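Working notes, beginning with the structure itself.
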Protein chains: 2
Amino acid sequence: MSAEPVTRCAVRAGAYYDSVVLMQLQRSLAALPGVLDAGVMMATPANRDLLAASGLLPGSEVAAGPNDLVIAVKAETEAAAGEALARIDSLLQVRRTETGQDFRPRSLASALKQLPETRWVLVSVPGRHAAAVADEALELGRNVFLYSDNVPLSEEVALKRKARERGLLVMGPDCGTAVIGGTGLGFSNRVRPGAIGLIGASGTGLQAVFAHLHARGHGISQAIGTGGRDLSAEVGGITAAQAVDLLARDADTEVIVLISKPPAPEVARRLIALLRAADKPAVAYFLGAPSPGSRLGDVRFATSLEGAAEDAIRLLSRRQSSAPDGPAGFAAGQRWIRGLFSGGTLALEMQQGLAALLDPAPSQGHAILDLGADEYTVGRLHPMIDFDLRLRRLRQEAADPQVALLLLDVVLGDGAHADPAGELAPAIESARAEAQAAGRTLDVAVLVVGTDLDPQDLGQQIATLEKAGARVCRSVSELVAHAARRMDEVQGEDPRSEVPAVPLEALRSPVAAINVGLESFYDSLASQGARAVHVEWKPPAGGNERMAGILARMKRSR
Amino acid sequence: MSAEPVTRCAVRAGAYYDSVVLMQLQRSLAALPGVLDAGVMMATPANRDLLAASGLLPGSEVAAGPNDLVIAVKAETEAAAGEALARIDSLLQVRRTETGQDFRPRSLASALKQLPETRWVLVSVPGRHAAAVADEALELGRNVFLYSDNVPLSEEVALKRKARERGLLVMGPDCGTAVIGGTGLGFSNRVRPGAIGLIGASGTGLQAVFAHLHARGHGISQAIGTGGRDLSAEVGGITAAQAVDLLARDADTEVIVLISKPPAPEVARRLIALLRAADKPAVAYFLGAPSPGSRLGDVRFATSLEGAAEDAIRLLSRRQSSAPDGPAGFAAGQRWIRGLFSGGTLALEMQQGLAALLDPAPSQGHAILDLGADEYTVGRLHPMIDFDLRLRRLRQEAADPQVALLLLDVVLGDGAHADPAGELAPAIESARAEAQAAGRTLDVAVLVVGTDLDPQDLGQQIATLEKAGARVCRSVSELVAHAARRMDEVQGEDPRSEVPAVPLEALRSPVAAINVGLESFYDSLASQGARAVHVEWKPPAGGNERMAGILARMKRSR
């Protein structure tokens, strides 16, 4: 019978070690004679659970906080455990295998002297130090690829605002993946060059799309990462907005693909507006959010990573043309959309589509009514037969000086009114005339659902509505796209205006970059033939938080 | 100067009138000399608002409840208003223009004697009377197209349960549209016959899909309406489930399309399971719900009505083949899925896809972890580089006798581990061997993201994983489909088993139907060449609720 294994652990309080060094320490300890398992982790609650689950926490309390390093060893004997712990410090001294770099600068500034053409700084130091390094890079006028995670949200917002002011990009924090001018930063796949430009608030999401595109014989122009929180309300999609603007101007990019984890609705709306203004076909995939339809003008909405790749490829070959409508010419004060629908599902799909464009809060004056809902049909025929209610509401809405756009549906077929266009057309005509007499333009668009076999004569119905001055649409998505163009006119502002341009040079190859943090990222740049310099970074005061605080206060008081 | 117009109104308490008669009354009143406007409505709150907005409510209080009819007149003079109100009763006596039907039965039973081959009864009487008529039709062994709205939910549930027991369909309440054997019921479009069978918890939704299919040169086999509440948790999708089963057996249907307003998650899951079991390609469009991905095996998810039509057409031409995996052969008690992902977006998309199959409540034992989340990466390399955490968790999960399916991802490319398959394969192999030794089967599936240009050698990575006994998938949707098949095995039950079959004869043409309610539905059947009988229906006690209550009590006490 073998004896019970013994578990022992050591703590190194508040010290900084490279994660690679720690991984190697763990492997070296586990390989020592008599050692059964070893764990080397920062003592966060999650890591403590993990150590406990692996039987690596001793019965006694281990006094260590989330910033302290725990080194645990499970061994066959007390002696083997003790011997292993005694070797920690010598093992921590082991340097990583040297890269091909002769001289290793110890600061960003000196690295820049070595490689002044650098446009990118890769930062992968631990989260609590990352913002300071990124900020230094911005101060030095460089774009930042910020791989580090566990960076506070407030620091992300501050960094991105500073970057935006200076025409620089901050990709991240927690940005795993980017491809700039053909060179992969961080985790990236080798993909052939192509005409599809990607923006991802999601690292492996980008990588999956790379792989799907490549497997189908296509390639990418650029891939800009934003970090997973960029599309939150707090950050407001600063990097994603800059990225859309960049790819819209990038001559190598023909189709833009934007993918993200669940976005804040207002940020999604703003990015959709930017994609629409980009004048290139685009695909948006907002994972976890209800899709605002299958498309909105030149923007398609995907529902999977694979689908996003497939849509992008489809768009490469058939670029859609924008609709030819001229401006409506609204008066000042006209701003709301009112929809009077007889079809409940049509109304719902319309609401869903509009939510991608407009704030649907009740305090806004937009409204899409389903007049076929139960509350309107007690003792009354369905609005597809009886137009009285719709005509009354139409007159009310038309008289409202704030209404810009009136949306209606006409559903043909058996059972429906024999001549819906005949009921609506005179009302549309007089509503438009009255608005015009009052100095306004009432834009009316009608969704016509029906076939050329229907008893009402589809062509005649459309002609009657068009003669009355209505814009006829044949699908909800066409109606949403029409409403989108009209609301662009009402809002009168170019959604791009508040984004100061990041110079296109940021995307040019060959890439030159400085790496601060994980050496493997330097190795990967070098193996791709990019010029790169690795900084031999150490945290202030060797990672001792108390000491670092004192140093920082001394610096401020100078 | 003209005098102020006068507004007067009359009330008819608790009486029943055909909606068409009321519409005609309103038009006749409005056309009388000296009358400016007229409104004839049941005095529901919504209708009262409407009358008030049209200036049709007098200053004084109008004593009328939601079951009372208000007849309001705005006229130039007191005399004209009085004269108009005096003519109400004679105008209400006016019969609609006669249809071609010689004899009009006054009950369903006598109508059935006239047309015994009838398989369908169309019911469009006012909501509070509708369930009784529908119930009578079911008792007589006929399927029901229930157009009426304002039918209480409890009555819908009772009707549908009764119908299901008897192998009959109840389409509705609030079912606007259906096409059976080529004949449109209710509101319907004329569409060419084709191979696409539709199911719609949404009337105009079905009509829009008809129109999109027809415009693209395609046609439909059947269209089965369910009513808007069928996919609620209360009703549980009874009719939709019967409809999937019917269309699965219908030889004319090659592709099934299901569309609905926002469904209850558990009902959506059940219908997806039925669609998967149908062994025909299918399209599901759950408006307002986040899409569970772009597809799940042979089921595609659309994000618009137009997109649903386009997807159905695409599926007509390329029927997908099911994957060839044999059964895993799980032991009793194995039932949970555990996912250990390094890609956050991959994990999220996987969760989203699984939610279409499984109850994701925390009380369930399924779990998809993102090991790259901030909480796991403090002081530790990303799980795409450092496999220690993943391997520890893998061993834990593999030892859990309730775990059936283990899902992993491998992300290749620069920056990632040089040989992820080499790290995982031995662990997968020994986990599977240990499970086997304990009499279980541990099914392991790995999503591999990468290209053939990546430094790790994609083909080799896949081969290594497959050799270790893992199923390799190349997209999240493929992984979801694999998980779906495995969970079918775990659950062991055919989702179809609890649906008693509705005989296919229900769908056969030529259609014979009895119509109770709106005459226009009879007209439309007749104009399509269907055999039909219209019932001259009157509510019990002429619509007087109090009297009807007394009659019902007398009937019960007999």
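Just so we're on the same page: first chain in the structure tokens is A, next is B, and so on; residues restart at 1 for each chain, and ligands are numbered from 1 in the order they show up.
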Tell me the residues of chain A close to chain B, meaning within 6 Å using only C-alpha atoms, as a count of residues only. 36
For the structure I just gave you, how does DSSP split region 260-397 of chain A - specifically, which residues are alpha helix (DSSP H)? Reply as a compact mmCIF listing (two decimals) with all heavy atoms, in the first residue's frame.
# COMPACT_ATOMS: atom_id res chain seq x y z
N PRO A 265 -28.02 48.21 -27.72
CA PRO A 265 -28.85 48.52 -28.90
C PRO A 265 -28.46 49.84 -29.57
O PRO A 265 -28.40 49.93 -30.79
CB PRO A 265 -30.27 48.59 -28.33
CG PRO A 265 -30.23 47.78 -27.08
CD PRO A 265 -28.84 47.91 -26.54
N GLU A 266 -28.15 50.86 -28.77
CA GLU A 266 -27.85 52.16 -29.39
C GLU A 266 -26.52 52.12 -30.13
O GLU A 266 -26.33 52.82 -31.12
CB GLU A 266 -27.90 53.30 -28.36
CG GLU A 266 -26.83 53.24 -27.26
CD GLU A 266 -27.25 52.41 -26.06
OE1 GLU A 266 -28.09 51.50 -26.22
OE2 GLU A 266 -26.72 52.67 -24.96
N VAL A 267 -25.60 51.29 -29.64
CA VAL A 267 -24.31 51.16 -30.33
C VAL A 267 -24.50 50.39 -31.63
O VAL A 267 -23.95 50.76 -32.68
CB VAL A 267 -23.27 50.47 -29.42
CG1 VAL A 267 -21.95 50.30 -30.16
CG2 VAL A 267 -23.06 51.26 -28.15
N ALA A 268 -25.32 49.33 -31.57
CA ALA A 268 -25.61 48.58 -32.80
C ALA A 268 -26.23 49.52 -33.84
O ALA A 268 -25.84 49.50 -35.01
CB ALA A 268 -26.56 47.43 -32.48
N ARG A 269 -27.16 50.35 -33.40
CA ARG A 269 -27.82 51.28 -34.34
C ARG A 269 -26.80 52.21 -35.00
O ARG A 269 -26.84 52.45 -36.19
CB ARG A 269 -28.88 52.11 -33.62
CG ARG A 269 -30.20 51.40 -33.46
CD ARG A 269 -31.31 52.39 -33.13
NE ARG A 269 -31.20 52.93 -31.79
CZ ARG A 269 -31.69 52.34 -30.71
NH1 ARG A 269 -32.33 51.19 -30.80
NH2 ARG A 269 -31.57 52.89 -29.52
N ARG A 270 -25.90 52.74 -34.17
CA ARG A 270 -24.91 53.68 -34.70
C ARG A 270 -23.99 52.98 -35.70
O ARG A 270 -23.68 53.53 -36.76
CB ARG A 270 -24.11 54.25 -33.53
CG ARG A 270 -23.10 55.27 -33.94
CD ARG A 270 -22.63 56.10 -32.76
NE ARG A 270 -21.24 56.43 -32.96
CZ ARG A 270 -20.78 57.17 -33.94
NH1 ARG A 270 -21.62 57.65 -34.84
NH2 ARG A 270 -19.50 57.42 -34.07
N LEU A 271 -23.59 51.77 -35.39
CA LEU A 271 -22.68 51.06 -36.30
C LEU A 271 -23.40 50.68 -37.60
O LEU A 271 -22.80 50.73 -38.68
CB LEU A 271 -22.10 49.83 -35.61
CG LEU A 271 -21.09 50.20 -34.53
CD1 LEU A 271 -20.70 48.98 -33.72
CD2 LEU A 271 -19.84 50.83 -35.16
N ILE A 272 -24.67 50.32 -37.49
CA ILE A 272 -25.43 50.04 -38.71
C ILE A 272 -25.51 51.30 -39.58
O ILE A 272 -25.34 51.25 -40.79
CB ILE A 272 -26.84 49.50 -38.36
CG1 ILE A 272 -26.72 48.10 -37.77
CG2 ILE A 272 -27.74 49.48 -39.59
CD1 ILE A 272 -27.99 47.59 -37.13
N ALA A 273 -25.74 52.43 -38.92
CA ALA A 273 -25.78 53.69 -39.67
C ALA A 273 -24.45 53.95 -40.37
O ALA A 273 -24.40 54.37 -41.53
CB ALA A 273 -26.13 54.85 -38.73
N LEU A 274 -23.35 53.67 -39.67
CA LEU A 274 -22.03 53.87 -40.28
C LEU A 274 -21.80 52.90 -41.43
O LEU A 274 -21.24 53.27 -42.47
CB LEU A 274 -20.94 53.70 -39.23
CG LEU A 274 -20.81 54.85 -38.23
CD1 LEU A 274 -19.90 54.46 -37.07
CD2 LEU A 274 -20.27 56.11 -38.92
N LEU A 275 -22.23 51.66 -41.25
CA LEU A 275 -22.06 50.67 -42.33
C LEU A 275 -22.86 51.11 -43.55
O LEU A 275 -22.41 50.99 -44.69
CB LEU A 275 -22.50 49.29 -41.86
CG LEU A 275 -21.59 48.57 -40.87
CD1 LEU A 275 -22.24 47.29 -40.36
CD2 LEU A 275 -20.23 48.25 -41.50
N ARG A 276 -24.08 51.60 -43.30
CA ARG A 276 -24.90 52.06 -44.44
C ARG A 276 -24.22 53.22 -45.15
O ARG A 276 -24.27 53.33 -46.38
CB ARG A 276 -26.29 52.48 -43.97
CG ARG A 276 -27.17 51.30 -43.57
CD ARG A 276 -28.52 51.78 -43.10
NE ARG A 276 -29.12 52.67 -44.08
CZ ARG A 276 -29.55 53.89 -43.83
NH1 ARG A 276 -29.49 54.40 -42.61
NH2 ARG A 276 -30.06 54.62 -44.78
N ALA A 277 -23.59 54.10 -44.37
CA ALA A 277 -22.96 55.28 -44.96
C ALA A 277 -21.63 54.93 -45.64
O ALA A 277 -21.06 55.75 -46.36
CB ALA A 277 -22.72 56.33 -43.88
N LEU A 305 -21.36 32.67 -37.52
CA LEU A 305 -20.05 33.02 -38.04
C LEU A 305 -19.90 32.48 -39.46
O LEU A 305 -19.43 33.17 -40.37
CB LEU A 305 -18.97 32.43 -37.13
CG LEU A 305 -18.98 32.99 -35.69
CD1 LEU A 305 -18.16 32.11 -34.77
CD2 LEU A 305 -18.47 34.43 -35.67
N GLU A 306 -20.34 31.24 -39.66
CA GLU A 306 -20.27 30.63 -40.98
C GLU A 306 -21.15 31.41 -41.95
O GLU A 306 -20.75 31.69 -43.09
CB GLU A 306 -20.74 29.17 -40.88
CG GLU A 306 -20.50 28.37 -42.12
CD GLU A 306 -20.90 26.90 -41.92
OE1 GLU A 306 -21.71 26.62 -41.02
OE2 GLU A 306 -20.41 26.06 -42.68
N GLY A 307 -22.35 31.78 -41.49
CA GLY A 307 -23.27 32.54 -42.34
C GLY A 307 -22.69 33.90 -42.71
O GLY A 307 -22.88 34.39 -43.83
N ALA A 308 -21.97 34.54 -41.77
CA ALA A 308 -21.36 35.84 -42.06
C ALA A 308 -20.36 35.70 -43.20
O ALA A 308 -20.29 36.53 -44.11
CB ALA A 308 -20.70 36.40 -40.80
N ALA A 309 -19.56 34.63 -43.15
CA ALA A 309 -18.58 34.39 -44.22
C ALA A 309 -19.30 34.14 -45.54
O ALA A 309 -18.93 34.71 -46.58
CB ALA A 309 -17.69 33.20 -43.85
N GLU A 310 -20.34 33.32 -45.51
CA GLU A 310 -21.07 33.02 -46.74
C GLU A 310 -21.71 34.27 -47.33
O GLU A 310 -21.67 34.50 -48.54
CB GLU A 310 -22.14 31.95 -46.46
CG GLU A 310 -21.55 30.57 -46.22
CD GLU A 310 -22.58 29.55 -45.71
OE1 GLU A 310 -23.69 29.97 -45.30
OE2 GLU A 310 -22.25 28.36 -45.71
N ASP A 311 -22.30 35.09 -46.47
CA ASP A 311 -22.93 36.33 -46.95
C ASP A 311 -21.90 37.25 -47.58
O ASP A 311 -22.15 37.87 -48.61
CB ASP A 311 -23.61 37.07 -45.79
CG ASP A 311 -24.96 36.44 -45.43
OD1 ASP A 311 -25.43 35.58 -46.20
OD2 ASP A 311 -25.52 36.82 -44.39
N ALA A 312 -20.73 37.36 -46.94
CA ALA A 312 -19.70 38.26 -47.46
C ALA A 312 -19.27 37.82 -48.86
O ALA A 312 -19.10 38.64 -49.77
CB ALA A 312 -18.49 38.28 -46.52
N ILE A 313 -19.13 36.52 -49.04
CA ILE A 313 -18.72 36.00 -50.34
C ILE A 313 -19.79 36.29 -51.39
O ILE A 313 -19.49 36.72 -52.51
CB ILE A 313 -18.44 34.48 -50.24
CG1 ILE A 313 -17.19 34.26 -49.39
CG2 ILE A 313 -18.28 33.87 -51.63
CD1 ILE A 313 -16.97 32.80 -48.99
N ARG A 314 -21.06 36.11 -50.99
CA ARG A 314 -22.16 36.40 -51.90
C ARG A 314 -22.13 37.88 -52.32
O ARG A 314 -22.37 38.21 -53.47
CB ARG A 314 -23.49 36.10 -51.21
CG ARG A 314 -24.32 35.06 -51.94
CD ARG A 314 -25.56 34.71 -51.13
NE ARG A 314 -25.43 33.43 -50.49
CZ ARG A 314 -25.82 33.14 -49.25
NH1 ARG A 314 -26.39 34.07 -48.50
NH2 ARG A 314 -25.65 31.94 -48.78
N LEU A 315 -21.84 38.76 -51.36
CA LEU A 315 -21.87 40.19 -51.65
C LEU A 315 -20.71 40.61 -52.55
O LEU A 315 -20.81 41.60 -53.27
CB LEU A 315 -21.83 41.00 -50.35
CG LEU A 315 -23.12 40.96 -49.54
CD1 LEU A 315 -22.92 41.61 -48.19
CD2 LEU A 315 -24.25 41.65 -50.30
N LEU A 316 -19.61 39.88 -52.48
CA LEU A 316 -18.46 40.22 -53.33
C LEU A 316 -18.86 40.22 -54.80
O LEU A 316 -18.42 41.05 -55.57
CB LEU A 316 -17.36 39.16 -53.15
CG LEU A 316 -16.28 39.42 -52.14
CD1 LEU A 316 -15.24 38.32 -52.25
CD2 LEU A 316 -15.63 40.78 -52.34
N SER A 317 -19.71 39.23 -55.15
CA SER A 317 -20.03 39.10 -56.57
C SER A 317 -21.21 39.94 -56.99
O SER A 317 -21.32 40.32 -58.14
CB SER A 317 -20.30 37.62 -56.89
OG SER A 317 -21.22 37.09 -55.96
N GLY A 344 -50.40 42.01 -38.74
CA GLY A 344 -49.68 42.03 -37.46
C GLY A 344 -48.21 41.66 -37.62
O GLY A 344 -47.32 42.30 -37.06
N THR A 345 -47.95 40.62 -38.38
CA THR A 345 -46.57 40.18 -38.56
C THR A 345 -45.78 41.21 -39.36
O THR A 345 -44.60 41.46 -39.10
CB THR A 345 -46.53 38.82 -39.28
OG1 THR A 345 -47.25 37.89 -38.47
CG2 THR A 345 -45.11 38.33 -39.48
N LEU A 346 -46.44 41.81 -40.33
CA LEU A 346 -45.76 42.85 -41.12
C LEU A 346 -45.37 44.00 -40.21
O LEU A 346 -44.26 44.54 -40.30
CB LEU A 346 -46.67 43.31 -42.26
CG LEU A 346 -47.20 42.20 -43.18
CD1 LEU A 346 -48.15 42.77 -44.23
CD2 LEU A 346 -46.05 41.45 -43.85
N ALA A 347 -46.30 44.38 -39.30
CA ALA A 347 -46.02 45.47 -38.36
C ALA A 347 -44.85 45.10 -37.45
O ALA A 347 -43.95 45.91 -37.20
CB ALA A 347 -47.26 45.79 -37.54
N LEU A 348 -44.86 43.86 -36.97
CA LEU A 348 -43.81 43.40 -36.05
C LEU A 348 -42.45 43.36 -36.74
O LEU A 348 -41.44 43.80 -36.18
CB LEU A 348 -44.19 42.02 -35.53
CG LEU A 348 -43.52 41.51 -34.27
CD1 LEU A 348 -43.77 42.45 -33.12
CD2 LEU A 348 -44.06 40.12 -33.92
N GLU A 349 -42.42 42.84 -37.95
CA GLU A 349 -41.14 42.77 -38.67
C GLU A 349 -40.64 44.18 -38.97
O GLU A 349 -39.44 44.46 -38.92
CB GLU A 349 -41.28 41.94 -39.95
CG GLU A 349 -39.94 41.63 -40.58
CD GLU A 349 -39.98 40.57 -41.69
OE1 GLU A 349 -40.17 39.39 -41.39
OE2 GLU A 349 -39.82 40.96 -42.87
N MET A 350 -41.57 45.08 -39.24
CA MET A 350 -41.21 46.48 -39.49
C MET A 350 -40.62 47.10 -38.23
O MET A 350 -39.60 47.80 -38.28
CB MET A 350 -42.47 47.22 -39.93
CG MET A 350 -42.21 48.61 -40.47
SD MET A 350 -41.35 48.59 -42.06
CE MET A 350 -40.45 50.14 -41.94
N GLN A 351 -41.26 46.86 -37.07
CA GLN A 351 -40.75 47.39 -35.80
C GLN A 351 -39.34 46.89 -35.55
O GLN A 351 -38.45 47.64 -35.15
CB GLN A 351 -41.66 46.95 -34.64
CG GLN A 351 -42.98 47.69 -34.59
CD GLN A 351 -44.00 47.00 -33.70
OE1 GLN A 351 -43.75 45.93 -33.17
NE2 GLN A 351 -45.16 47.61 -33.54
N GLN A 352 -39.16 45.60 -35.78
CA GLN A 352 -37.86 44.97 -35.56
C GLN A 352 -36.79 45.61 -36.45
O GLN A 352 -35.68 45.88 -36.02
CB GLN A 352 -38.01 43.49 -35.91
CG GLN A 352 -36.89 42.63 -35.49
CD GLN A 352 -37.20 41.95 -34.17
OE1 GLN A 352 -38.16 42.26 -33.48
NE2 GLN A 352 -36.35 41.05 -33.80
N GLY A 353 -37.14 45.84 -37.70
CA GLY A 353 -36.20 46.46 -38.63
C GLY A 353 -35.90 47.89 -38.24
O GLY A 353 -34.74 48.33 -38.27
N LEU A 354 -36.93 48.64 -37.84
CA LEU A 354 -36.72 50.04 -37.48
C LEU A 354 -35.87 50.17 -36.22
O LEU A 354 -35.14 51.15 -36.06
CB LEU A 354 -38.07 50.74 -37.26
CG LEU A 354 -38.82 51.13 -38.52
CD1 LEU A 354 -40.13 51.81 -38.17
CD2 LEU A 354 -37.98 52.04 -39.42
N ASP A 388 -62.22 51.92 -42.71
CA ASP A 388 -62.66 53.13 -41.99
C ASP A 388 -61.66 53.57 -40.93
O ASP A 388 -61.24 54.72 -40.90
CB ASP A 388 -64.03 52.87 -41.37
CG ASP A 388 -64.55 54.08 -40.63
OD1 ASP A 388 -64.87 55.08 -41.32
OD2 ASP A 388 -64.61 54.06 -39.39
N LEU A 389 -61.27 52.64 -40.06
CA LEU A 389 -60.34 52.98 -38.98
C LEU A 389 -59.02 53.50 -39.53
O LEU A 389 -58.48 54.52 -39.09
CB LEU A 389 -60.11 51.74 -38.12
CG LEU A 389 -59.08 51.84 -37.00
CD1 LEU A 389 -59.43 52.95 -36.04
CD2 LEU A 389 -58.99 50.51 -36.24
N ARG A 390 -58.52 52.83 -40.55
CA ARG A 390 -57.23 53.22 -41.11
C ARG A 390 -57.31 54.60 -41.74
O ARG A 390 -56.40 55.42 -41.58
CB ARG A 390 -56.79 52.20 -42.15
CG ARG A 390 -55.31 52.31 -42.44
CD ARG A 390 -54.63 51.01 -42.28
NE ARG A 390 -55.04 50.08 -43.31
CZ ARG A 390 -54.17 49.48 -44.12
NH1 ARG A 390 -52.88 49.74 -44.01
NH2 ARG A 390 -54.57 48.60 -44.98
N LEU A 391 -58.41 54.87 -42.43
CA LEU A 391 -58.53 56.18 -43.08
C LEU A 391 -58.64 57.29 -42.05
O LEU A 391 -58.07 58.37 -42.22
CB LEU A 391 -59.74 56.18 -44.03
CG LEU A 391 -59.58 55.24 -45.23
CD1 LEU A 391 -60.89 55.14 -46.02
CD2 LEU A 391 -58.45 55.72 -46.15
N ARG A 392 -59.36 57.01 -40.95
CA ARG A 392 -59.45 58.03 -39.89
C ARG A 392 -58.06 58.30 -39.30
O ARG A 392 -57.68 59.44 -39.09
CB ARG A 392 -60.37 57.54 -38.76
CG ARG A 392 -61.83 57.62 -39.13
CD ARG A 392 -62.73 57.18 -37.96
NE ARG A 392 -64.07 56.96 -38.46
CZ ARG A 392 -64.98 57.92 -38.63
NH1 ARG A 392 -64.70 59.17 -38.30
NH2 ARG A 392 -66.17 57.64 -39.12
N ARG A 393 -57.34 57.22 -38.97
CA ARG A 393 -56.00 57.41 -38.41
C ARG A 393 -55.08 58.09 -39.40
O ARG A 393 -54.23 58.89 -39.03
CB ARG A 393 -55.39 56.05 -38.01
CG ARG A 393 -56.08 55.34 -36.86
CD ARG A 393 -55.92 56.06 -35.54
NE ARG A 393 -54.56 56.30 -35.13
CZ ARG A 393 -54.08 55.98 -33.94
NH1 ARG A 393 -54.85 55.38 -33.05
NH2 ARG A 393 -52.84 56.28 -33.63
N LEU A 394 -55.22 57.74 -40.65
CA LEU A 394 -54.37 58.34 -41.68
C LEU A 394 -54.57 59.86 -41.69
O LEU A 394 -53.60 60.63 -41.74
CB LEU A 394 -54.72 57.73 -43.04
CG LEU A 394 -53.78 57.97 -44.21
CD1 LEU A 394 -53.91 56.83 -45.24
CD2 LEU A 394 -54.02 59.29 -44.91
N ARG A 395 -55.81 60.30 -41.61
CA ARG A 395 -56.06 61.75 -41.59
C ARG A 395 -55.46 62.40 -40.36
O ARG A 395 -54.87 63.48 -40.44
CB ARG A 395 -57.57 62.01 -41.66
CG ARG A 395 -58.17 61.80 -43.06
CD ARG A 395 -59.57 62.36 -43.17
NE ARG A 395 -60.54 61.57 -42.42
CZ ARG A 395 -61.21 60.52 -42.92
NH1 ARG A 395 -61.01 60.13 -44.18
NH2 ARG A 395 -62.09 59.88 -42.18
N GLN A 396 -55.61 61.73 -39.20
CA GLN A 396 -55.01 62.28 -37.97
C GLN A 396 -53.49 62.42 -38.09
O GLN A 396 -52.91 63.45 -37.75
CB GLN A 396 -55.28 61.36 -36.78
CG GLN A 396 -56.67 61.42 -36.19
CD GLN A 396 -56.83 60.36 -35.11
OE1 GLN A 396 -55.92 60.09 -34.34
NE2 GLN A 396 -58.00 59.76 -35.06
N GLU A 397 -52.85 61.34 -38.54
CA GLU A 397 -51.39 61.34 -38.63
C GLU A 397 -50.92 62.39 -39.62
O GLU A 397 -49.93 63.08 -39.40
CB GLU A 397 -50.86 59.96 -39.04
CG GLU A 397 -51.22 58.81 -38.10
CD GLU A 397 -50.63 58.97 -36.71
OE1 GLU A 397 -49.83 59.90 -36.51
OE2 GLU A 397 -51.00 58.18 -35.82
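Considering the residues B:Ala248, B:Val157, B:Ala512, B:Ala468 and counting only C-alpha atoms, Arg531 (chain B) has its shortest atom-to-atom contact with B:Ala512.
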Near-Ala513 (chain A) list (7 Å; only C-alpha atoms; drop same-chain fewer than 6 positions) as a list in words: Thr118, Arg119, Trp120, Val121, Arg531, Ala532 and Val533 of chain A
Keeping only all heavy atoms, write the selected residues to a file as a short mmCIF file (atom, residue, chain, number, x, y, z; two decimals), in the first residue's frame.
data_model
loop_
_atom_site.label_atom_id
_atom_site.label_comp_id
_atom_site.auth_asym_id
_atom_site.auth_seq_id
_atom_site.Cartn_x
_atom_site.Cartn_y
_atom_site.Cartn_z
N THR A 118 7.67 52.16 -36.64
CA THR A 118 6.60 51.43 -35.94
C THR A 118 5.29 52.21 -35.91
O THR A 118 5.26 53.36 -35.49
CB THR A 118 7.02 51.20 -34.47
OG1 THR A 118 8.10 50.29 -34.47
CG2 THR A 118 5.87 50.64 -33.65
N ARG A 119 4.22 51.57 -36.38
CA ARG A 119 2.91 52.19 -36.24
C ARG A 119 2.06 51.47 -35.19
O ARG A 119 1.03 51.95 -34.79
CB ARG A 119 2.18 52.22 -37.58
CG ARG A 119 2.71 53.33 -38.50
CD ARG A 119 1.95 53.40 -39.79
NE ARG A 119 2.14 52.20 -40.57
CZ ARG A 119 2.96 52.09 -41.63
NH1 ARG A 119 3.66 53.14 -42.03
NH2 ARG A 119 3.06 50.96 -42.28
N TRP A 120 2.51 50.30 -34.76
CA TRP A 120 1.72 49.48 -33.83
C TRP A 120 2.54 49.07 -32.62
O TRP A 120 3.70 48.70 -32.75
CB TRP A 120 1.22 48.21 -34.53
CG TRP A 120 0.13 48.53 -35.49
CD1 TRP A 120 0.25 48.79 -36.83
CD2 TRP A 120 -1.25 48.70 -35.17
NE1 TRP A 120 -0.96 49.10 -37.36
CE2 TRP A 120 -1.91 49.04 -36.37
CE3 TRP A 120 -1.99 48.59 -33.99
CZ2 TRP A 120 -3.28 49.29 -36.41
CZ3 TRP A 120 -3.35 48.82 -34.04
CH2 TRP A 120 -3.98 49.16 -35.24
N VAL A 121 1.91 49.14 -31.46
CA VAL A 121 2.51 48.60 -30.24
C VAL A 121 1.57 47.50 -29.71
O VAL A 121 0.37 47.74 -29.52
CB VAL A 121 2.71 49.70 -29.17
CG1 VAL A 121 3.23 49.09 -27.86
CG2 VAL A 121 3.68 50.75 -29.69
N ARG A 531 8.85 43.45 -39.29
CA ARG A 531 9.89 44.02 -38.46
C ARG A 531 9.31 44.26 -37.08
O ARG A 531 8.23 44.86 -36.95
CB ARG A 531 10.40 45.33 -39.05
CG ARG A 531 11.33 45.12 -40.27
CD ARG A 531 11.36 46.36 -41.13
NE ARG A 531 9.98 46.76 -41.45
CZ ARG A 531 9.59 48.00 -41.65
NH1 ARG A 531 10.45 48.98 -41.59
NH2 ARG A 531 8.34 48.27 -41.94
N ALA A 532 10.00 43.82 -36.06
CA ALA A 532 9.45 43.94 -34.71
C ALA A 532 10.57 44.06 -33.69
O ALA A 532 11.68 43.60 -33.91
CB ALA A 532 8.59 42.73 -34.37
N VAL A 533 10.26 44.72 -32.58
CA VAL A 533 11.19 44.83 -31.46
C VAL A 533 10.45 44.40 -30.20
O VAL A 533 9.30 44.79 -29.99
CB VAL A 533 11.70 46.29 -31.31
CG1 VAL A 533 12.48 46.44 -30.00
CG2 VAL A 533 12.56 46.68 -32.50
#
